[in-house]
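Novice: This is the structure I want to talk about, given as structure tokens.
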Amino acid sequence: MLSRLYRRLFLERLLAAFHAGRLNFFGELTGLTMPAAFAAHLRPLRQVNWVVYAKRPFADPQHVLNYLGRYTHRVAIANSRLINLSDGQVRFRWKDYRQPARPKVMTLDVGEFIRRFLLHVLPDGFRRIRHFGFLANTHRRSKLAMIRNLLQLTAPDTAPKPTNYREQYAISRHLPHLRWAHGRDRSAQSRAKAIPV
């Protein structure tokens with residue numbers, strides 16, 4: 001039942017994206033720009049039994065925080081996990097969270113190691129963490145002021161403004177949501193200001 005529902009919804013939305021012109025085809029797939037060819041390409045997919053993998057939900061909010069905490073504030077791999085580089089092979093430690101008591105070692109070709117590492121590198125200007133809802137940058141000040149008003153709370157003291165770049169760095173390095181990806185956008189980073197919550 002879930003398989004058929006997911007298949008139908010996925011294919012309907014894929015077709016809608018095609019008709020809205022949001023799909024691009026390159027190389028050998030350029031023939032799929034024609035509506036009849038695209039429809040013919042999708043037709044066999046309607047006969048395939050799709051497998052929907054649905055995990056059980058997290059047990060409680062603490063499990064959610066533990067899961068997300070492994071990804072939000074860390075680089076792809078810490079130097080301490082790198083063991084050896086020789087003969088074009090990289091050896092490093094990794095942790096299997098299903099068996100946390102047993103650290104494991106993996107060996108990869110240098111090219112594959114770099115490919116996997118680069119999957120975690122963000123493009124220029126992107127932040128590692130984004131806030132949504134009332135913490136989204138667009139309306140954060142007004143929403144927080146409204147929430148404080150509804151909860152009858154007073155606004156906290158504002159954070160001190162740095163007088164030079166050393167103070168700016170000392171403040172922002174403890175606030176990961178103010179750091180830009182890999183520190184490449186210096187002008188944007190210098191404009192970031194601490195907003196008290």
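Residues in the structure tokens are numbered from 1 in each chain, the chains being A, B, ... in the order shown, and ligands are numbered from 1 in the order shown.
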Within region 28-169 of chain A, find each residue whose DSSP state, derived from the backbone, is strand (DSSP E), and express the selection as a list in words.
Specialist: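 Put together, the selection reads Leu82, Ile83, Asn84, Leu85, Ser86, Gln89, Val90, Arg91, Phe92, Arg93, Trp94, Lys104, Val105, Met106, Thr107, Leu108 and Asp109 of chain A.
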Novice: Mind dumping the selected residues with C-alpha atoms as a PDB file, in the first residue's frame?
Specialist:
ATOM      1  CA  LEU A  82      43.642  10.009  10.340  1.00  0.00           C
ATOM      2  CA  ILE A  83      46.081   7.148  10.907  1.00  0.00           C
ATOM      3  CA  ASN A  84      48.293   6.824   7.865  1.00  0.00           C
ATOM      4  CA  LEU A  85      48.850   7.875   4.263  1.00  0.00           C
ATOM      5  CA  SER A  86      51.094   5.631   2.200  1.00  0.00           C
ATOM      6  CA  GLN A  89      46.015   4.694   0.522  1.00  0.00           C
ATOM      7  CA  VAL A  90      44.467   6.603   3.433  1.00  0.00           C
ATOM      8  CA  ARG A  91      43.771   4.763   6.692  1.00  0.00           C
ATOM      9  CA  PHE A  92      41.443   6.354   9.232  1.00  0.00           C
ATOM     10  CA  ARG A  93      39.338   5.467  12.239  1.00  0.00           C
ATOM     11  CA  TRP A  94      35.570   5.562  12.032  1.00  0.00           C
ATOM     12  CA  LYS A 104      36.955   0.539  13.245  1.00  0.00           C
ATOM     13  CA  VAL A 105      39.635   1.328  10.677  1.00  0.00           C
ATOM     14  CA  MET A 106      38.923   1.896   6.998  1.00  0.00           C
ATOM     15  CA  THR A 107      41.410   2.082   4.118  1.00  0.00           C
ATOM     16  CA  LEU A 108      40.519   3.995   0.956  1.00  0.00           C
ATOM     17  CA  ASP A 109      42.338   5.098  -2.184  1.00  0.00           C
TER      18      ASP A 109
END
Novice: Residues within 12 Å of Ile77 (chain A), please, as a PyMOL selection string. Count only C-alpha atoms; anything in the same chain fewer than 6 positions from it doesn't count.
Specialist: chain A and resi 70-71+83+92-95+113-114+116-121
Novice: Residues of region 35-95 of chain A classed as helix (DSSP H, G or I) by DSSP on the backbone are to be reported as JSON, numbers by chain.
Specialist: {"A": [35, 36, 37, 38, 39, 40, 41, 42, 43, 44, 45, 46, 61, 62, 63, 64, 65, 66, 67, 68, 69, 70, 71, 72, 79, 80, 81]}
Novice: Using N, CA and C atoms, can you write the selected residues to a file as a tab-separated table (two decimals), in the first residue's frame?
Specialist:
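Final file, part.tsv:
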chain	number	residue	atom	x	y	z
A	35	PRO	N	8.01	15.69	-24.64
A	35	PRO	CA	7.01	15.15	-23.72
A	35	PRO	C	6.68	13.68	-23.96
A	36	ALA	N	6.56	13.26	-25.21
A	36	ALA	CA	6.23	11.86	-25.49
A	36	ALA	C	7.36	10.93	-25.04
A	37	ALA	N	8.60	11.33	-25.28
A	37	ALA	CA	9.75	10.51	-24.88
A	37	ALA	C	9.84	10.42	-23.36
A	38	PHE	N	9.57	11.54	-22.67
A	38	PHE	CA	9.63	11.53	-21.21
A	38	PHE	C	8.54	10.63	-20.63
A	39	ALA	N	7.33	10.73	-21.19
A	39	ALA	CA	6.23	9.88	-20.72
A	39	ALA	C	6.54	8.40	-20.96
A	40	ALA	N	7.13	8.09	-22.13
A	40	ALA	CA	7.49	6.70	-22.42
A	40	ALA	C	8.57	6.21	-21.47
A	41	HIS	N	9.47	7.10	-21.07
A	41	HIS	CA	10.54	6.73	-20.13
A	41	HIS	C	9.98	6.43	-18.74
A	42	LEU	N	8.92	7.14	-18.35
A	42	LEU	CA	8.32	6.93	-17.04
A	42	LEU	C	7.38	5.72	-16.99
A	43	ARG	N	6.83	5.34	-18.14
A	43	ARG	CA	5.81	4.27	-18.18
A	43	ARG	C	6.25	2.98	-17.48
A	44	PRO	N	7.46	2.45	-17.73
A	44	PRO	CA	7.85	1.20	-17.06
A	44	PRO	C	7.97	1.36	-15.54
A	45	LEU	N	8.25	2.58	-15.08
A	45	LEU	CA	8.40	2.79	-13.64
A	45	LEU	C	7.08	2.60	-12.89
A	46	ARG	N	5.97	2.74	-13.61
A	46	ARG	CA	4.67	2.54	-12.96
A	46	ARG	C	4.38	1.06	-12.70
A	61	PRO	N	13.18	13.09	22.17
A	61	PRO	CA	13.97	14.23	21.68
A	61	PRO	C	15.47	14.10	21.91
A	62	GLN	N	15.87	13.43	22.98
A	62	GLN	CA	17.30	13.28	23.26
A	62	GLN	C	17.99	12.49	22.15
A	63	HIS	N	17.31	11.46	21.62
A	63	HIS	CA	17.88	10.69	20.51
A	63	HIS	C	18.03	11.56	19.27
A	64	VAL	N	17.05	12.45	19.04
A	64	VAL	CA	17.14	13.37	17.89
A	64	VAL	C	18.36	14.26	18.03
A	65	LEU	N	18.55	14.83	19.24
A	65	LEU	CA	19.70	15.70	19.47
A	65	LEU	C	21.02	14.94	19.31
A	66	ASN	N	21.07	13.71	19.81
A	66	ASN	CA	22.30	12.91	19.67
A	66	ASN	C	22.61	12.65	18.20
A	67	TYR	N	21.57	12.35	17.42
A	67	TYR	CA	21.75	12.08	16.00
A	67	TYR	C	22.24	13.32	15.26
A	68	LEU	N	21.55	14.44	15.46
A	68	LEU	CA	21.92	15.67	14.76
A	68	LEU	C	23.25	16.22	15.24
A	69	GLY	N	23.55	16.03	16.51
A	69	GLY	CA	24.79	16.55	17.07
A	69	GLY	C	26.03	15.99	16.42
A	70	ARG	N	25.92	14.81	15.83
A	70	ARG	CA	27.08	14.22	15.16
A	70	ARG	C	27.40	14.94	13.86
A	71	TYR	N	26.46	15.74	13.34
A	71	TYR	CA	26.65	16.32	12.01
A	71	TYR	C	26.72	17.84	11.99
A	72	THR	N	26.10	18.51	12.95
A	72	THR	CA	25.92	19.95	12.79
A	72	THR	C	27.16	20.78	13.05
A	79	ASN	N	41.47	15.54	12.30
A	79	ASN	CA	42.84	15.07	12.08
A	79	ASN	C	43.19	13.89	12.97
A	80	SER	N	42.63	13.87	14.17
A	80	SER	CA	42.95	12.79	15.10
A	80	SER	C	42.47	11.43	14.61
A	81	ARG	N	41.55	11.41	13.66
A	81	ARG	CA	41.06	10.13	13.14
A	81	ARG	C	41.92	9.60	12.00
